[in-house]
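Enquirer: My structure is in run_24.pdb, and what it holds is PDB, C-alpha atoms:
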ATOM      1  CA  GLN D 679      84.828-104.560 -12.342
ATOM      2  CA  ALA D 680      85.342-104.960 -16.072
ATOM      3  CA  SER D 681      88.062-105.791 -18.537
ATOM      4  CA  CYS D 682      88.260-104.385 -22.058
ATOM      5  CA  TRP D 683      90.301-105.573 -25.003
ATOM      6  CA  GLY D 684      90.652-104.829 -28.672
ATOM      7  CA  ASP D 685      91.633-101.581 -30.350
ATOM      8  CA  SER D 686      92.231 -99.011 -27.633
ATOM      9  CA  HIS D 687      91.085 -96.249 -29.990
ATOM     10  CA  TYR D 688      87.625 -97.836 -30.049
ATOM     11  CA  GLY D 689      87.236 -98.518 -26.349
ATOM     12  CA  GLY D 690      89.486-101.530 -25.966
ATOM     13  CA  ASP D 691      91.265 -99.948 -23.022
ATOM     14  CA  CYS D 692      89.085 -99.136 -20.006
ATOM     15  CA  SER D 693      91.807 -99.271 -17.389
ATOM     16  CA  GLY D 694      90.923 -95.767 -16.211
ATOM     17  CA  VAL D 695      87.189 -96.431 -15.822
ATOM     18  CA  ASP D 696      85.550 -96.941 -12.416
ATOM     19  CA  PHE D 697      82.944 -99.699 -12.796
ATOM     20  CA  SER D 698      81.692 -99.684  -9.229
ATOM     21  CA  ASN D 699      77.894 -99.252  -9.070
ATOM     22  CA  VAL D 700      77.543 -99.535 -12.862
ATOM     23  CA  THR D 701      74.050-100.771 -13.775
ATOM     24  CA  GLU D 702      74.239-100.902 -17.591
ATOM     25  CA  ILE D 703      76.784-100.614 -20.390
ATOM     26  CA  PHE D 704      75.997 -99.229 -23.849
ATOM     27  CA  SER D 705      78.034 -99.065 -27.025
ATOM     28  CA  ASN D 706      78.245 -97.756 -30.545
ATOM     29  CA  ASP D 707      80.785 -98.246 -33.309
ATOM     30  CA  TYR D 708      83.343 -96.005 -31.645
ATOM     31  CA  GLY D 709      82.968 -96.300 -27.894
ATOM     32  CA  PHE D 710      81.183 -97.299 -24.701
ATOM     33  CA  VAL D 711      79.148 -95.781 -21.882
ATOM     34  CA  ALA D 712      79.002 -97.279 -18.376
ATOM     35  CA  LEU D 713      75.885 -95.926 -16.661
ATOM     36  CA  LYS D 714      75.419 -95.748 -12.913
ATOM     37  CA  LYS D 715      71.681 -95.188 -13.087
ATOM     38  CA  HIS D 716      70.983 -94.958  -9.361
ATOM     39  CA  LEU D 717      73.776 -92.421  -8.882
ATOM     40  CA  GLY D 718      73.032 -90.378 -11.989
ATOM     41  CA  GLN D 719      76.576 -90.806 -13.264
ATOM     42  CA  ALA D 720      78.340 -92.377 -16.232
ATOM     43  CA  SER D 721      81.769 -92.951 -17.695
ATOM     44  CA  CYS D 722      82.434 -92.818 -21.439
ATOM     45  CA  TRP D 723      85.439 -93.940 -23.420
ATOM     46  CA  SER D 724      85.867 -93.914 -27.184
ATOM     47  CA  SER D 725      88.116 -93.252 -30.138
ATOM     48  CA  LEU D 726      86.794 -89.759 -30.721
ATOM     49  CA  GLY D 727      87.278 -88.378 -27.230
ATOM     50  CA  TRP D 728      83.591 -88.471 -26.304
ATOM     51  CA  LEU D 729      84.222 -88.217 -22.594
ATOM     52  CA  CYS D 730      80.682 -87.017 -21.816
ATOM     53  CA  SER D 731      81.929 -85.118 -18.781
ATOM     54  CA  ASP D 732      79.513 -82.290 -19.565
ATOM     55  CA  VAL D 733      76.451 -84.559 -19.678
ATOM     56  CA  ASP D 734      74.107 -84.642 -16.681
ATOM     57  CA  PHE D 735      73.128 -88.284 -16.186
ATOM     58  CA  SER D 736      70.785 -87.737 -13.251
ATOM     59  CA  ASN D 737      67.345 -89.240 -13.945
ATOM     60  CA  VAL D 738      68.484 -90.880 -17.177
ATOM     61  CA  THR D 739      66.161 -93.776 -17.971
ATOM     62  CA  GLU D 740      67.731 -95.101 -21.180
ATOM     63  CA  ILE D 741      70.667 -94.536 -23.519
ATOM     64  CA  TYR D 742      70.347 -94.941 -27.284
ATOM     65  CA  SER D 743      72.994 -94.808 -29.960
ATOM     66  CA  ASN D 744      73.792 -94.842 -33.616
ATOM     67  CA  PRO D 745      77.301 -95.624 -34.887
ATOM     68  CA  ARG D 746      78.693 -92.175 -34.060
ATOM     69  CA  ALA D 747      76.422 -90.595 -31.431
ATOM     70  CA  PHE D 748      74.661 -91.277 -28.127
ATOM     71  CA  VAL D 749      71.413 -90.044 -26.577
ATOM     72  CA  ALA D 750      70.831 -90.087 -22.815
ATOM     73  CA  TRP D 751      67.057 -89.897 -22.369
ATOM     74  CA  LYS D 752      65.272 -88.721 -19.249
ATOM     75  CA  LYS D 753      61.837 -90.026 -20.134
ATOM     76  CA  ASP D 754      60.104 -88.950 -16.937
ATOM     77  CA  LEU D 755      61.376 -85.384 -17.321
ATOM     78  CA  GLY D 756      60.910 -85.087 -21.080
ATOM     79  CA  GLN D 757      64.575 -84.249 -21.595
ATOM     80  CA  ALA D 758      67.630 -85.706 -23.307
ATOM     81  CA  SER D 759      71.319 -85.016 -23.871
ATOM     82  CA  CYS D 760      73.260 -86.034 -26.970
ATOM     83  CA  TRP D 761      76.961 -86.311 -27.692
ATOM     84  CA  GLY D 762      79.216 -87.608 -30.439
ATOM     85  CA  ILE D 763      79.499 -86.314 -34.010
ATOM     86  CA  SER D 764      77.130 -83.353 -34.012
ATOM     87  CA  ASP D 765      75.813 -83.573 -37.572
ATOM     88  CA  VAL D 766      74.865 -87.265 -37.364
ATOM     89  CA  GLY D 767      72.926 -87.078 -34.113
ATOM     90  CA  GLY D 768      75.375 -85.865 -31.504
ATOM     91  CA  ASP D 769      73.600 -82.518 -31.182
ATOM     92  CA  CYS D 770      69.930 -82.565 -30.160
ATOM     93  CA  SER D 771      69.868 -79.156 -28.516
ATOM     94  CA  GLY D 772      66.976 -78.034 -30.701
ATOM     95  CA  VAL D 773      64.764 -81.056 -30.047
ATOM     96  CA  ASP D 774      61.761 -80.949 -27.693
ATOM     97  CA  PHE D 775      61.636 -84.278 -25.828
ATOM     98  CA  SER D 776      58.509 -83.563 -23.794
ATOM     99  CA  GLY D 777      55.925 -86.271 -24.459
ATOM    100  CA  VAL D 778      58.371 -88.572 -26.262
ATOM    101  CA  THR D 779      57.432 -92.239 -25.924
ATOM    102  CA  GLU D 780      60.088 -93.942 -28.083
ATOM    103  CA  ILE D 781      63.432 -93.132 -29.676
ATOM    104  CA  TYR D 782      64.723 -94.815 -32.847
ATOM    105  CA  SER D 783      68.036 -94.605 -34.647
ATOM    106  CA  ASN D 784      69.757 -95.549 -37.866
ATOM    107  CA  GLN D 785      73.169 -95.005 -39.409
ATOM    108  CA  ASP D 786      73.278 -91.216 -39.047
ATOM    109  CA  ALA D 787      69.966 -90.010 -37.558
ATOM    110  CA  PHE D 788      67.473 -90.328 -34.710
ATOM    111  CA  VAL D 789      63.692 -90.081 -34.345
ATOM    112  CA  ALA D 790      61.981 -89.069 -31.091
ATOM    113  CA  TRP D 791      58.378 -90.246 -31.403
ATOM    114  CA  LYS D 792      55.505 -88.784 -29.405
ATOM    115  CA  LYS D 793      53.057 -91.584 -30.077
ATOM    116  CA  ASP D 794      50.254 -90.253 -27.889
ATOM    117  CA  LEU D 795      50.441 -86.857 -29.593
ATOM    118  CA  GLY D 796      50.929 -88.107 -33.151
ATOM    119  CA  GLN D 797      54.146 -86.159 -33.498
ATOM    120  CA  ALA D 798      57.873 -86.778 -33.902
ATOM    121  CA  SER D 799      61.154 -84.916 -34.115
ATOM    122  CA  CYS D 800      64.143 -86.044 -36.148
ATOM    123  CA  TRP D 801      67.758 -84.939 -36.025
ATOM    124  CA  GLY D 802      71.076 -85.908 -37.526
ATOM    125  CA  ASP D 803      71.984 -86.099 -41.205
ATOM    126  CA  SER D 804      68.946 -85.154 -43.288
ATOM    127  CA  HIS D 805      70.094 -87.520 -46.035
ATOM    128  CA  TYR D 806      69.602 -90.428 -43.625
ATOM    129  CA  GLY D 807      66.256 -89.406 -42.211
ATOM    130  CA  GLY D 808      67.333 -86.644 -39.856
ATOM    131  CA  ASP D 809      64.657 -84.339 -41.271
ATOM    132  CA  CYS D 810      61.063 -85.556 -40.949
ATOM    133  CA  SER D 811      59.397 -82.157 -41.054
ATOM    134  CA  GLY D 812      57.226 -83.241 -43.986
ATOM    135  CA  VAL D 813      56.002 -86.472 -42.380
ATOM    136  CA  ASP D 814      52.520 -86.801 -40.859
ATOM    137  CA  PHE D 815      52.811 -88.874 -37.661
ATOM    138  CA  SER D 816      49.132 -88.829 -36.736
ATOM    139  CA  ASN D 817      47.747 -92.383 -36.354
ATOM    140  CA  VAL D 818      51.216 -93.948 -36.667
ATOM    141  CA  THR D 819      51.308 -97.307 -34.885
ATOM    142  CA  GLU D 820      54.942 -98.372 -35.416
ATOM    143  CA  ILE D 821      58.230 -96.977 -36.697
ATOM    144  CA  PHE D 822      60.894 -99.049 -38.425
ATOM    145  CA  SER D 823      64.394 -98.229 -39.598
ATOM    146  CA  ASN D 824      67.368 -99.425 -41.544
ATOM    147  CA  ASP D 825      70.775 -97.831 -42.076
ATOM    148  CA  TYR D 826      69.479 -95.285 -44.567
ATOM    149  CA  GLY D 827      65.930 -94.369 -43.595
ATOM    150  CA  PHE D 828      62.745 -94.779 -41.592
ATOM    151  CA  VAL D 829      59.184 -96.010 -42.111
ATOM    152  CA  ALA D 830      56.210 -94.779 -40.077
ATOM    153  CA  LEU D 831      53.413 -97.338 -40.395
ATOM    154  CA  LYS D 832      49.742 -96.561 -39.845
ATOM    155  CA  LYS D 833      48.688-100.193 -39.586
ATOM    156  CA  HIS D 834      44.981 -99.654 -39.001
ATOM    157  CA  LEU D 835      44.743 -97.303 -41.979
ATOM    158  CA  GLY D 836      46.922 -99.370 -44.311
ATOM    159  CA  GLN D 837      49.241 -96.427 -44.899
ATOM    160  CA  ALA D 838      52.878 -95.517 -44.298
ATOM    161  CA  SER D 839      55.364 -92.704 -44.770
ATOM    162  CA  CYS D 840      59.009 -93.317 -45.666
ATOM    163  CA  TRP D 841      61.955 -90.963 -45.624
ATOM    164  CA  SER D 842      65.572 -91.812 -46.388
ATOM    165  CA  SER D 843      68.813 -90.847 -48.056
ATOM    166  CA  LEU D 844      68.073 -92.786 -51.208
ATOM    167  CA  GLY D 845      64.638 -91.407 -51.996
ATOM    168  CA  TRP D 846      62.771 -94.522 -50.873
ATOM    169  CA  LEU D 847      59.465 -92.733 -50.618
ATOM    170  CA  CYS D 848      57.451 -95.965 -50.854
ATOM    171  CA  SER D 849      54.533 -94.098 -52.395
ATOM    172  CA  ASP D 850      53.898 -97.022 -54.754
ATOM    173  CA  VAL D 851      53.684 -99.593 -51.955
ATOM    174  CA  ASP D 852      50.249-100.803 -50.855
ATOM    175  CA  PHE D 853      50.361-101.005 -47.051
ATOM    176  CA  SER D 854      46.825-102.298 -46.553
ATOM    177  CA  ASN D 855      46.797-105.505 -44.461
ATOM    178  CA  VAL D 856      50.524-105.233 -43.669
ATOM    179  CA  THR D 857      51.248-107.158 -40.469
ATOM    180  CA  GLU D 858      54.977-106.502 -40.099
ATOM    181  CA  ILE D 859      57.874-104.656 -41.712
ATOM    182  CA  TYR D 860      61.400-106.054 -41.857
ATOM    183  CA  SER D 861      64.631-104.534 -43.071
ATOM    184  CA  ASN D 862      68.259-105.036 -43.876
ATOM    185  CA  PRO D 863      70.679-102.082 -44.068
ATOM    186  CA  ARG D 864      69.491-100.992 -47.536
ATOM    187  CA  ALA D 865      66.035-102.448 -48.132
ATOM    188  CA  PHE D 866      62.603-102.971 -46.545
ATOM    189  CA  VAL D 867      59.923-105.672 -46.745
ATOM    190  CA  ALA D 868      56.251-105.006 -45.906
ATOM    191  CA  TRP D 869      54.715-108.401 -45.127
ATOM    192  CA  LYS D 870      51.016-109.226 -45.370
ATOM    193  CA  LYS D 871      51.097-112.454 -43.422
ATOM    194  CA  ASP D 872      47.396-113.251 -43.623
ATOM    195  CA  LEU D 873      47.372-112.797 -47.410
ATOM    196  CA  GLY D 874      50.715-114.447 -48.115
ATOM    197  CA  GLN D 875      52.002-111.339 -49.875
ATOM    198  CA  ALA D 876      54.801-108.810 -49.486
ATOM    199  CA  SER D 877      56.202-105.672 -51.076
ATOM    200  CA  CYS D 878      59.870-104.682 -51.081
ATOM    201  CA  TRP D 879      61.695-101.442 -51.748
ATOM    202  CA  GLY D 880      65.185-100.022 -51.454
ATOM    203  CA  ILE D 881      68.317-101.067 -53.341
ATOM    204  CA  SER D 882      66.997-103.712 -55.714
ATOM    205  CA  ASP D 883      70.016-105.992 -55.788
ATOM    206  CA  VAL D 884      70.333-106.225 -51.995
ATOM    207  CA  GLY D 885      66.698-107.050 -51.210
ATOM    208  CA  GLY D 886      64.692-104.130 -52.495
ATOM    209  CA  ASP D 887      63.082-106.183 -55.268
ATOM    210  CA  CYS D 888      61.095-109.261 -54.262
ATOM    211  CA  SER D 889      58.782-109.284 -57.272
ATOM    212  CA  GLY D 890      59.813-112.847 -58.147
ATOM    213  CA  VAL D 891      59.245-114.251 -54.654
TER     214      VAL D 891
END
Would you write out, as structure tokens, the structure that this file holds?

Expert:
Amino acid sequence: QASCWGDSHYGGDCSGVDFSNVTEIFSNDYGFVALKKHLGQASCWSSLGWLCSDVDFSNVTEIYSNPRAFVAWKKDLGQASCWGISDVGGDCSGVDFSGVTEIYSNQDAFVAWKKDLGQASCWGDSHYGGDCSGVDFSNVTEIFSNDYGFVALKKHLGQASCWSSLGWLCSDVDFSNVTEIYSNPRAFVAWKKDLGQASCWGISDVGGDCSGV
């Protein structure tokens, strides 16, 4: 069983949802998904009428989200279904999920990474990273995100590629010896722990400039 409260337009009323056999619950800014993994079923309720009745949840291994879209991933089958606002990630009908090892999201886009193949597919709003057709994913070791973009780090090579809505192309950042990357919604920090150094980029007055630190 479950009880919901808050704004009914955003999922605060789940009185019509059957929670028997539910194994996991997922959310985004506008709604919820109650997954019955072993039965291959789910119930969705949200402000935008995303009732997901057309989604096949059999063999779903994980559900990802951004604020206005969901992705139900069938990792073992190399398939996925998306729903929500189509132009910010709710439509992934053109994406090939075979070989995908990880999925990442931000404000209005998703990345399906095929780590073993050195490839990735992106979808959603191109201004927020939904188009990564010009990015080389070979030798990428980690992917990071914030609300407005993504970073694909090649740690062993000391290189990275960045793509975002605000033109944060990070081409001036030296990624050699970077041990970790952190972010807030509008800025990134590449930390070189062993050297006691870091580089920042993004919106300067909300963390994108750490030159005085």

Enquirer: Run the PyMOL selection byres ((chain D and resi 717) around 9) mentally over the shown coordinates, then write out the matched residues as a ChimeraX atom specification, using the chain letters and numbers from the document.

Expert: /D:699-700,713-716,718-720,735-737

Enquirer: Take the point (79.5, -103.4, -29.6) as written in the file and pick out every residue within 12 Å of it, counting all atoms listed in the file; give the list as a ChimeraX atom specification.

Expert: /D:682-684,688-690,703-711,724,743-745

Enquirer: Choose the residue, out of D:Gln875, D:Ser799, D:Gln757, D:Ser686, that has the smallest atom-to-atom separation from Val738 (chain D); count all atoms listed in the file.

Expert: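 Among the listed residues, D:Gln757 lies closest to Val738 (chain D).
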
Enquirer: Using all atoms listed in the file, determine which residues lie at most 8 Å from Ile763 (chain D), disregarding the query and same-chain residues fewer than 6 positions distant; provide the list as a ChimeraX atom specification.

Expert: /D:746-747,769

Enquirer: May I have the protein, DNA and RNA residues with an atom at most 12 Å from (78.8, -82.2, -34.7), counting all atoms listed in the file in the file's coordinates, returned as a PyMOL selection string?

Expert: chain D and resi 726+728+746-748+760-771+786+801-803

Enquirer: Would you translate the PyMOL selection byres ((chain D and resi 789-798) around 6) into the concrete set of residues it matches in this file, as a PyMOL selection string?

Expert: chain D and resi 777-782+788+799-800+815-816

Enquirer: Taking the file as shown, find all residues satisfying the PyMOL selection byres ((chain D and resi 882) around 12) and write them as a ChimeraX atom specification.

Expert: /D:844,846,862,864-867,877-881,883-890

Enquirer: Using all atoms listed in the file, pick whichever of D:Gly874, D:Gly772, D:Gly807, D:Gly756 has the shortest atom-to-atom distance to Val829 (chain D).

Expert: D:Gly807

Enquirer: What's the separation between CA of Val733 (chain D) and CA of Asp685 (chain D), in Å to one decimal place?

Expert: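 Straight-line distance from CA of Val733 (chain D) to CA of Asp685 (chain D) works out to 25.2 Å.
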
Enquirer: One decimal, in Å: what's the spacing between CA of Trp869 (chain D) and CA of Thr857 (chain D)?

Expert: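 Between these atoms lies a distance of 5.9 Å.
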
Enquirer: What is the CA of Gly812 (chain D) to CA of Cys840 (chain D) distance in Å?

Expert: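 Calculated distance between CA of Gly812 (chain D) and CA of Cys840 (chain D) is 10.4 Å.
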
Enquirer: Do you know which residues are at most 10 Å from Ser681 (chain D) counting only C-alpha atoms, after dropping those on the same chain fewer than 3 positions away, and could you put them as a ChimeraX atom specification?

Expert: /D:690-693,695,697
